[in-house]
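Chemist: Quick one: the structure is below, and I'll ask about it shortly.
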Amino acid sequence: MIENMSETVIQVTNLIRDYDKFRAVDDITFSVSKGEIFGFLGPNGAGKTTTIKVLCTLLAPTFGSTSVAGYDCVREPDRVRSHIGIIFQDPSLDDRLTAEENLYFHSLLYHIPSAIRKERMEAVLKMVELFDRRKSLVREFSGGMKRRLEIARGLMHKPAVLFLDEPTLGLDPQTRHHIWQYLLDLREHTDLTIFLTTHYMDEAEHCDRIAIIDHGKIIAMDILEKLKNSVSGDVINLATNDDALAVQELATIFSVQAKKGKNNVIYFTAPDGESLIPDIIRRLTPRIISVSLKKPSLDDVFLTLTGRQIREEAANSEDLLRSFVRRRRSL
Amino acid sequence: MKLRVIYAVALRDIIRFYRERTQLIGSLTRSVLWLFIMGLGLRGSVNVGGDISYTHYIFPGIIGMTVMFAAVQQAISIVWDREFGFLKEILAAPVSRTAIAMGKALSGGFISFMQGCLVAVLGLFLGIRFDFTGVLEMLLLMALAGVALASLGIVVASRITSFQGFGTIMNFFLMPMFFLSGAMYPVNKLPGWLYAIVRVNPLSYMVDGIRGAVLGDQWANFGLLFDAIFLLGFFVLMIVWATFSFRIEGRR
């Protein structure tokens with residue numbers, strides 16, 4: 001995968017999308033390379049789903065150019081569509097049909113020849129561990145099983161890019177972990193490019209690269225480590241046999257202002273804490289009993305950039321209906 | 001190529017229809033209630049002229065009602081399906097919007113046709129004497145009206161963006177269409193402006209045609225041929241509009 005990193009699969013240039021007077025996506029530019037897991041992180045209403053809809057050719061852009069897998073999303077929508085798999089935020093399975101029937105209709109829509117249909121179906125169902133349940137009606141499935149089936153379906157026509165809009169929204173932590181196992185496996189064993197949106201911080205941490213989007217604008221975009229380093233330093237906790245001396249030496253040798261914390265530790269923040277620790281151990285006179293380092297979380301990054309925390313914001317009636325549907329369907 | 005997609009879109013709806021019995025039972029119950037309760041209740045007080053009973057008179061109207069409700073309901077389900085259902089998956093697939101609209105019109109037409117047939121069977125219990133050509137004419141009109149009304153429903157569905165639209169459609173659209181179709185009473189004595197609505201209402205022509213087909217030609221005001229031609233024309237107009245409205249989906 002690393003050797004393919006240079007090949008661009010998604011290219012978005014100056015994308016703008018308006019709904020009447022409201023600007024949902026405000027002049028964003030980014031590109032995603034082959035084999036990457038690229039995450040769009042932001043609160044509800046930031047413009048994540050709108051961007052995904054434009055890339056999936058379901059929504060026309062107001063301005064700007066977008067291409068996926070080498071095809072223009074506006075001029076060659078059908079070519080784009082046949083090269084992408086989509087897992088929508090809201091359920092898109094037919095729950096009166098069986099798992100197998102859902103996949104059968106997918107293969108009709110994507111023109112998968114009947115000669116290889118069976119074998120493809122079996123392969124994707126086995127991958128998400130639903131092969132035994134292929135004859136069951138989807139309405140009997142749990143929320144997690146439905147998600148897995150949607151992933152299987154999205155992969156059936158061997159897309160170049162898999163789009164996932166809030167893939168684990170409303171699922172329990174165990175199921176979320178499970179679904180991420182499939183996605184990380186896919187990155188390991190195929191050169192599939194994955195584009196996902198999320199407002200879960202821990203989910204974004206699985207991504208190779210993250211764009212933080214707020215009010216329709218990308219406010220930061222980088223690999224995870226750099227994003228974290230750009231914002232605040234690491235927090236280093238030290239326990240020594242002479243805290244007062246340690247604080248004094250840290251100030252003179254390393255010019256950092258350490259403070260006394262709880263449980264007899266002193267702490268300070270510094271950029272690039274990992275490379276600082278060996279130096280500290282070598283040069284401090286007091287004996288060091290323990291060292292710990294805490295990396296800033298994406299929460300800290302978002303908070304620093306926007307002054308707000310990502311959380312579910314007040315929902316309008318449509319959102320409430322959405323969450324109701326999601327809950328009802330996952331029973 | 002296109003046929004494969006039309007087939008997929010329609011087949012999925014038809015499979016659902018067979019599995020989802022409650023909807024069918026609900027709509028058949030409504031038809032039976034109208035036919036028997038309204039038929040028997042108003043029999044004494046409504047004079048429709050001629051030598052037939054009121055129940056016989058409204059029988060074609062109830063078939064029309066059944067087909068209309070079934071076709072439009074099937075199409076309106078698009079609103080929900082587009083947001084929370086398989087239609088999303090279809091719209092995201094590399095298939096032509098025209099084929100999707102055609103498939104939807106076909107499934108709506110087929111499902112409403114089947115329901116119309118079930119209600120038509122009730123005519124046997126009412127003592128209606130069907131003749132062979134009359135039945136064929138009735139089936140043709142039901143099929144034409146089914147696809148025409150389903151296409152109309154698709155156009156309406158494409159205009160609805162909120163989920164609150166259902167009740168509005170029922171009250172402002174379907175009920176007036178039903179009452180101003182000649183389904184329940186002769187419409188030729190209506191004031192001119194109401195009669196104008198009757199003349200542009202596709203349901204009027206379906207009811208008129210079926211009345212002619214099963215009760216005798218003298219009961220068809222507009223004539224069977226004209227009825228069929230009107231429905232065909234209406235269908236063509238609506239299916240073109242429907243495919244167009246599917247194509248501009250997402251452009252707004």
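Please note that chains go A, B, ... in the order of the structure tokens, that every chain numbers its residues from 1, and that ligands are numbered from 1 in the order shown.
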Based on only C-alpha atoms, which of the residues in chain B come within 7 Å of chain A? I want them as a list in words.

Modeler: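 The selection requested is Arg4, Val5, Ala8, Arg16, Phe84, Gly85, Phe86, Lys88, Glu89, Ala92, Ala93, Pro94, Val95, Gly250 and Arg251 of chain B.
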
Chemist: Tell me, as number ranges by chain, which residues lie within 10 Å of stretch 153-160 of chain B, counting only C-alpha atoms; anything in the same chain fewer than 5 positions away does not count.

Modeler: B: 68-69, 71-80, 82, 101, 104-105, 108, 147-148, 165-166, 169, 173, 238-246, 248-249

Chemist: Only N, CA and C atoms, please: the residues just picked out, written as an mmCIF file, in the first residue's frame.

Modeler:
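Printed below is part_37.cif as written:
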data_model
loop_
_atom_site.group_PDB
_atom_site.id
_atom_site.type_symbol
_atom_site.label_atom_id
_atom_site.label_comp_id
_atom_site.auth_asym_id
_atom_site.auth_seq_id
_atom_site.Cartn_x
_atom_site.Cartn_y
_atom_site.Cartn_z
ATOM 1 N N MET B 68 -56.545 3.472 -7.473
ATOM 2 C CA MET B 68 -55.921 4.772 -7.238
ATOM 3 C C MET B 68 -55.130 4.785 -5.926
ATOM 4 N N PHE B 69 -55.784 4.351 -4.834
ATOM 5 C CA PHE B 69 -55.094 4.372 -3.548
ATOM 6 C C PHE B 69 -53.844 3.486 -3.578
ATOM 7 N N ALA B 71 -52.002 2.532 -6.159
ATOM 8 C CA ALA B 71 -50.946 3.056 -7.037
ATOM 9 C C ALA B 71 -50.250 4.249 -6.399
ATOM 10 N N VAL B 72 -51.055 5.171 -5.866
ATOM 11 C CA VAL B 72 -50.450 6.380 -5.300
ATOM 12 C C VAL B 72 -49.680 6.048 -4.022
ATOM 13 N N GLN B 73 -50.250 5.160 -3.206
ATOM 14 C CA GLN B 73 -49.548 4.772 -1.984
ATOM 15 C C GLN B 73 -48.195 4.134 -2.293
ATOM 16 N N GLN B 74 -48.205 3.273 -3.285
ATOM 17 C CA GLN B 74 -46.971 2.608 -3.692
ATOM 18 C C GLN B 74 -45.924 3.656 -4.093
ATOM 19 N N ALA B 75 -46.376 4.664 -4.831
ATOM 20 C CA ALA B 75 -45.448 5.703 -5.284
ATOM 21 C C ALA B 75 -44.989 6.584 -4.126
ATOM 22 N N ILE B 76 -45.918 6.876 -3.221
ATOM 23 C CA ILE B 76 -45.565 7.767 -2.108
ATOM 24 C C ILE B 76 -44.547 7.096 -1.176
ATOM 25 N N SER B 77 -44.553 5.766 -1.154
ATOM 26 C CA SER B 77 -43.580 5.065 -0.306
ATOM 27 C C SER B 77 -42.151 5.432 -0.719
ATOM 28 N N ILE B 78 -42.009 6.003 -1.903
ATOM 29 C CA ILE B 78 -40.695 6.453 -2.379
ATOM 30 C C ILE B 78 -40.078 7.460 -1.408
ATOM 31 N N VAL B 79 -40.931 8.311 -0.823
ATOM 32 C CA VAL B 79 -40.422 9.372 0.049
ATOM 33 C C VAL B 79 -39.651 8.765 1.220
ATOM 34 N N TRP B 80 -40.253 7.784 1.827
ATOM 35 C CA TRP B 80 -39.623 7.089 2.955
ATOM 36 C C TRP B 80 -38.415 6.286 2.477
ATOM 37 N N ARG B 82 -36.518 6.636 -0.017
ATOM 38 C CA ARG B 82 -35.399 7.447 -0.481
ATOM 39 C C ARG B 82 -34.511 7.845 0.696
ATOM 40 N N ALA B 101 -37.433 5.173 -12.663
ATOM 41 C CA ALA B 101 -38.802 5.688 -12.696
ATOM 42 C C ALA B 101 -39.732 4.696 -13.396
ATOM 43 N N LYS B 104 -40.459 1.802 -11.108
ATOM 44 C CA LYS B 104 -41.398 2.210 -10.053
ATOM 45 C C LYS B 104 -42.818 2.296 -10.606
ATOM 46 N N ALA B 105 -42.974 2.847 -11.799
ATOM 47 C CA ALA B 105 -44.301 2.963 -12.397
ATOM 48 C C ALA B 105 -44.876 1.573 -12.663
ATOM 49 N N GLY B 108 -45.831 -0.103 -9.281
ATOM 50 C CA GLY B 108 -47.040 0.542 -8.780
ATOM 51 C C GLY B 108 -48.253 0.121 -9.596
ATOM 52 N N VAL B 147 -50.727 2.173 -14.087
ATOM 53 C CA VAL B 147 -49.414 2.766 -14.385
ATOM 54 C C VAL B 147 -49.508 4.285 -14.465
ATOM 55 N N ALA B 148 -50.663 4.800 -14.947
ATOM 56 C CA ALA B 148 -50.812 6.256 -15.049
ATOM 57 C C ALA B 148 -50.835 6.896 -13.665
ATOM 58 N N GLY B 165 -45.767 15.045 4.624
ATOM 59 C CA GLY B 165 -46.580 15.244 3.437
ATOM 60 C C GLY B 165 -47.728 14.277 3.224
ATOM 61 N N PHE B 166 -47.668 13.117 3.870
ATOM 62 C CA PHE B 166 -48.654 12.065 3.613
ATOM 63 C C PHE B 166 -50.098 12.523 3.814
ATOM 64 N N ILE B 169 -51.411 14.989 1.278
ATOM 65 C CA ILE B 169 -51.720 14.360 -0.001
ATOM 66 C C ILE B 169 -53.092 13.701 0.054
ATOM 67 N N PHE B 173 -55.701 15.819 -2.150
ATOM 68 C CA PHE B 173 -55.383 15.286 -3.459
ATOM 69 C C PHE B 173 -56.227 14.048 -3.759
ATOM 70 N N MET B 238 -47.305 11.621 -17.723
ATOM 71 C CA MET B 238 -46.821 11.464 -16.351
ATOM 72 C C MET B 238 -45.502 10.718 -16.275
ATOM 73 N N ILE B 239 -45.337 9.697 -17.127
ATOM 74 C CA ILE B 239 -44.094 8.925 -17.032
ATOM 75 C C ILE B 239 -42.915 9.782 -17.495
ATOM 76 N N VAL B 240 -43.163 10.644 -18.470
ATOM 77 C CA VAL B 240 -42.106 11.553 -18.919
ATOM 78 C C VAL B 240 -41.750 12.522 -17.794
ATOM 79 N N TRP B 241 -42.791 13.063 -17.169
ATOM 80 C CA TRP B 241 -42.577 13.988 -16.053
ATOM 81 C C TRP B 241 -41.870 13.272 -14.891
ATOM 82 N N ALA B 242 -42.322 12.029 -14.635
ATOM 83 C CA ALA B 242 -41.751 11.256 -13.527
ATOM 84 C C ALA B 242 -40.258 10.986 -13.760
ATOM 85 N N THR B 243 -39.902 10.578 -14.961
ATOM 86 C CA THR B 243 -38.483 10.298 -15.226
ATOM 87 C C THR B 243 -37.678 11.585 -15.126
ATOM 88 N N PHE B 244 -38.296 12.668 -15.591
ATOM 89 C CA PHE B 244 -37.609 13.957 -15.502
ATOM 90 C C PHE B 244 -37.374 14.342 -14.043
ATOM 91 N N SER B 245 -38.397 14.143 -13.215
ATOM 92 C CA SER B 245 -38.243 14.535 -11.809
ATOM 93 C C SER B 245 -37.228 13.648 -11.098
ATOM 94 N N PHE B 246 -37.074 12.396 -11.549
ATOM 95 C CA PHE B 246 -36.037 11.539 -10.977
ATOM 96 C C PHE B 246 -34.659 12.006 -11.415
ATOM 97 N N ILE B 248 -33.690 15.086 -12.087
ATOM 98 C CA ILE B 248 -33.192 16.310 -11.449
ATOM 99 C C ILE B 248 -33.020 16.146 -9.947
ATOM 100 N N GLU B 249 -33.365 14.950 -9.447
ATOM 101 C CA GLU B 249 -33.152 14.667 -8.031
ATOM 102 C C GLU B 249 -31.693 14.936 -7.665
#

Chemist: Do a neighbour search on B:Val200 at 10 Å with only C-alpha atoms, toss out local chain neighbours closer than 4 positions, and write the hits as a list in words.

Modeler: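 Once the nearby chain positions are removed, what remains is Met177, Leu180, Ser181, Tyr195, Ala196, Ser204, Tyr205, Phe230 and Phe234 of chain B.
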
Chemist: Pick out the residues sitting within 10 Å of A:Arg287, and hand them over as a list in words; count only C-alpha atoms, and ignore anything fewer than 2 positions along from it in its own chain.

Modeler: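 Here the answer would be Ala239, Thr240, Asn241, Asp242, Asp243, Ala246, Ile281, Arg282, Leu284, Thr285, Ile289 and Ser290 of chain A.
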
Chemist: Restricting the output to N, CA and C atoms, write the selected residues as an mmCIF file, in the first residue's frame.

Modeler:
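File produced: result_28.cif:
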data_model
loop_
_atom_site.group_PDB
_atom_site.id
_atom_site.type_symbol
_atom_site.label_atom_id
_atom_site.label_comp_id
_atom_site.auth_asym_id
_atom_site.auth_seq_id
_atom_site.Cartn_x
_atom_site.Cartn_y
_atom_site.Cartn_z
ATOM 1 N N ALA A 239 7.560 10.804 38.734
ATOM 2 C CA ALA A 239 7.622 10.604 40.184
ATOM 3 C C ALA A 239 9.098 10.423 40.530
ATOM 4 N N THR A 240 9.580 11.238 41.456
ATOM 5 C CA THR A 240 11.006 11.184 41.805
ATOM 6 C C THR A 240 11.168 11.081 43.315
ATOM 7 N N ASN A 241 12.397 10.867 43.774
ATOM 8 C CA ASN A 241 12.603 10.834 45.220
ATOM 9 C C ASN A 241 12.903 12.224 45.775
ATOM 10 N N ASP A 242 13.008 13.238 44.900
ATOM 11 C CA ASP A 242 13.176 14.610 45.378
ATOM 12 C C ASP A 242 12.509 15.574 44.404
ATOM 13 N N ASP A 243 11.216 15.771 44.609
ATOM 14 C CA ASP A 243 10.439 16.556 43.657
ATOM 15 C C ASP A 243 10.920 18.005 43.545
ATOM 16 N N ALA A 246 13.906 18.213 41.442
ATOM 17 C CA ALA A 246 13.549 17.880 40.062
ATOM 18 C C ALA A 246 12.918 19.082 39.365
ATOM 19 N N ILE A 281 15.774 11.454 31.999
ATOM 20 C CA ILE A 281 16.251 10.367 32.859
ATOM 21 C C ILE A 281 17.762 10.445 33.037
ATOM 22 N N ARG A 282 18.441 10.774 31.973
ATOM 23 C CA ARG A 282 19.895 10.842 32.012
ATOM 24 C C ARG A 282 20.386 12.026 32.854
ATOM 25 N N LEU A 284 18.638 14.309 35.043
ATOM 26 C CA LEU A 284 18.143 14.757 36.353
ATOM 27 C C LEU A 284 18.916 14.068 37.474
ATOM 28 N N THR A 285 19.222 14.835 38.530
ATOM 29 C CA THR A 285 19.951 14.272 39.653
ATOM 30 C C THR A 285 19.071 13.349 40.502
ATOM 31 N N ILE A 289 11.376 7.510 39.775
ATOM 32 C CA ILE A 289 10.681 6.283 40.160
ATOM 33 C C ILE A 289 9.752 5.817 39.042
ATOM 34 N N SER A 290 9.043 6.763 38.424
ATOM 35 C CA SER A 290 8.191 6.369 37.290
ATOM 36 C C SER A 290 8.012 7.551 36.340
#

Chemist: Between atom CA of A:Asn229 and atom CA of A:Cys207, what is the distance in Å, rounded to a tenth?

Modeler: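 The value is 16.2 Å.
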
Chemist: Figure out the distance between atom CA of A:Ser230 and atom CA of A:Asp300, please, to one decimal in Å.

Modeler: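 So the two atoms, atom CA of A:Asp300 and atom CA of A:Ser230, lie 10.9 Å apart.
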
Chemist: I'd like the interatomic distance between atom CA of A:Asp27 and atom CA of A:Leu169, to a tenth of an Å.

Modeler: 26.9 Å

Chemist: Check stretch 30-72 of chain B with DSSP on the backbone and list each residue it calls alpha helix (DSSP H), as a list in words.

Modeler: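 Listing alpha helix (DSSP H) positions across stretch 30-72 of chain B yields Arg30, Ser31, Val32, Leu33, Gly39, Leu40, Gly41, Leu42, Tyr54, Thr55, His56, Tyr57, Ile58, Phe59, Pro60, Gly61, Ile62, Ile63, Gly64, Met65, Thr66, Val67, Met68, Phe69, Ala70, Ala71 and Val72 of chain B.
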
Chemist: If you keep C-alpha atoms, can you produce a file of those selected residues as a short mmCIF file (atom, residue, chain, number, x, y, z; two decimals), in the first residue's frame?

Modeler:
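Output (result00.cif):
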data_model
loop_
_atom_site.label_atom_id
_atom_site.label_comp_id
_atom_site.auth_asym_id
_atom_site.auth_seq_id
_atom_site.Cartn_x
_atom_site.Cartn_y
_atom_site.Cartn_z
CA ARG B 30 -61.50 -0.22 2.88
CA SER B 31 -62.88 -1.16 -0.53
CA VAL B 32 -65.25 -3.76 0.89
CA LEU B 33 -66.54 -1.30 3.50
CA GLY B 39 -73.72 0.82 -1.29
CA LEU B 40 -76.43 -0.53 1.00
CA GLY B 41 -76.74 2.69 3.01
CA LEU B 42 -77.34 5.01 0.09
CA TYR B 54 -76.81 1.66 -6.46
CA THR B 55 -74.36 -1.02 -5.34
CA HIS B 56 -73.87 -2.03 -8.94
CA TYR B 57 -73.50 1.60 -9.91
CA ILE B 58 -70.64 2.26 -7.49
CA PHE B 59 -68.90 -1.08 -8.09
CA PRO B 60 -66.69 0.35 -10.91
CA GLY B 61 -66.06 3.38 -8.72
CA ILE B 62 -64.78 1.22 -5.88
CA ILE B 63 -62.47 -0.62 -8.26
CA GLY B 64 -61.21 2.80 -9.34
CA MET B 65 -60.70 3.85 -5.75
CA THR B 66 -58.79 0.66 -4.97
CA VAL B 67 -56.47 1.08 -7.93
CA MET B 68 -55.92 4.77 -7.24
CA PHE B 69 -55.09 4.37 -3.55
CA ALA B 70 -52.84 1.38 -4.19
CA ALA B 71 -50.95 3.06 -7.04
CA VAL B 72 -50.45 6.38 -5.30
#

Chemist: Do you know which residues are at most 6 Å from stretch 140-145 of chain A counting only C-alpha atoms, after dropping those on the same chain fewer than 2 positions away, and could you put them as a PDB file with N, CA and C atoms, in the first residue's frame?

Modeler:
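This went into around-v1.pdb:
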ATOM      1  N   LEU A 137     -34.410 -13.042   6.894  1.00  0.00           N
ATOM      2  CA  LEU A 137     -34.894 -11.713   6.556  1.00  0.00           C
ATOM      3  C   LEU A 137     -34.074 -10.674   7.307  1.00  0.00           C
ATOM      4  N   VAL A 138     -33.780  -9.580   6.644  1.00  0.00           N
ATOM      5  CA  VAL A 138     -32.940  -8.562   7.263  1.00  0.00           C
ATOM      6  C   VAL A 138     -33.599  -7.946   8.499  1.00  0.00           C
ATOM      7  N   ARG A 147     -25.302  -3.457   9.577  1.00  0.00           N
ATOM      8  CA  ARG A 147     -24.137  -2.698   9.141  1.00  0.00           C
ATOM      9  C   ARG A 147     -23.152  -3.596   8.411  1.00  0.00           C
ATOM     10  N   ARG A 148     -22.925  -4.783   8.982  1.00  0.00           N
ATOM     11  CA  ARG A 148     -21.982  -5.713   8.358  1.00  0.00           C
ATOM     12  C   ARG A 148     -22.470  -6.126   6.971  1.00  0.00           C
ATOM     13  N   THR A 175     -19.545  -3.929  18.906  1.00  0.00           N
ATOM     14  CA  THR A 175     -19.856  -4.014  17.480  1.00  0.00           C
ATOM     15  C   THR A 175     -18.998  -3.036  16.682  1.00  0.00           C
ATOM     16  N   SER A 330     -32.626  -1.065  14.911  1.00  0.00           N
ATOM     17  CA  SER A 330     -31.528  -1.855  15.469  1.00  0.00           C
ATOM     18  C   SER A 330     -32.028  -2.744  16.605  1.00  0.00           C
TER      19      SER A 330
END

Chemist: Which is closer to B:Ser107 than all the others in B:Arg43, B:Arg12, B:Lys189, B:Arg21, using only C-alpha atoms?

Modeler: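 Closest to B:Ser107 of all the choices is B:Arg12.
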
Chemist: Find the spatial neighbours of A:Glu203, counting only C-alpha atoms, within a cut-off of 12 Å - ignore same-chain residues fewer than 6 positions away - and output them as a ChimeraX atom specification.

Modeler: /A:37-42,166-169,173,176-177,179-181,183-184,196-197,209-210,224,297-299

Chemist: Could you save those same residues with C-alpha atoms as a PDB file, in the first residue's frame?

Modeler:
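Output file result-v6.pdb follows:
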ATOM      1  CA  ILE A  37      -8.145   5.484   5.219  1.00  0.00           C
ATOM      2  CA  PHE A  38      -9.206   9.111   5.152  1.00  0.00           C
ATOM      3  CA  GLY A  39     -11.462  10.457   7.877  1.00  0.00           C
ATOM      4  CA  PHE A  40     -13.735  13.471   7.870  1.00  0.00           C
ATOM      5  CA  LEU A  41     -14.187  14.509  11.463  1.00  0.00           C
ATOM      6  CA  GLY A  42     -16.645  17.121  12.615  1.00  0.00           C
ATOM      7  CA  GLU A 166     -20.929   7.569  10.157  1.00  0.00           C
ATOM      8  CA  PRO A 167     -20.422   3.811   9.876  1.00  0.00           C
ATOM      9  CA  THR A 168     -20.784   2.939  13.531  1.00  0.00           C
ATOM     10  CA  LEU A 169     -23.320   5.529  14.664  1.00  0.00           C
ATOM     11  CA  PRO A 173     -18.649  -0.429  21.446  1.00  0.00           C
ATOM     12  CA  ARG A 176     -17.952  -0.879  16.566  1.00  0.00           C
ATOM     13  CA  HIS A 177     -14.708  -2.644  17.330  1.00  0.00           C
ATOM     14  CA  ILE A 179     -16.623  -3.376  12.225  1.00  0.00           C
ATOM     15  CA  TRP A 180     -13.285  -1.655  12.487  1.00  0.00           C
ATOM     16  CA  GLN A 181     -11.580  -5.034  12.383  1.00  0.00           C
ATOM     17  CA  LEU A 183     -12.043  -2.164   7.715  1.00  0.00           C
ATOM     18  CA  LEU A 184      -8.494  -2.479   9.011  1.00  0.00           C
ATOM     19  CA  LEU A 196     -15.343   7.914   6.125  1.00  0.00           C
ATOM     20  CA  THR A 197     -17.072  10.571   8.150  1.00  0.00           C
ATOM     21  CA  ARG A 209      -5.199  10.978   7.658  1.00  0.00           C
ATOM     22  CA  ILE A 210      -7.871  13.213   9.095  1.00  0.00           C
ATOM     23  CA  LEU A 224      -3.034  11.965  13.281  1.00  0.00           C
ATOM     24  CA  SER A 297      -6.396  13.481  22.154  1.00  0.00           C
ATOM     25  CA  LEU A 298      -8.295  14.562  19.077  1.00  0.00           C
ATOM     26  CA  ASP A 299     -10.763  16.060  21.530  1.00  0.00           C
TER      27      ASP A 299
END
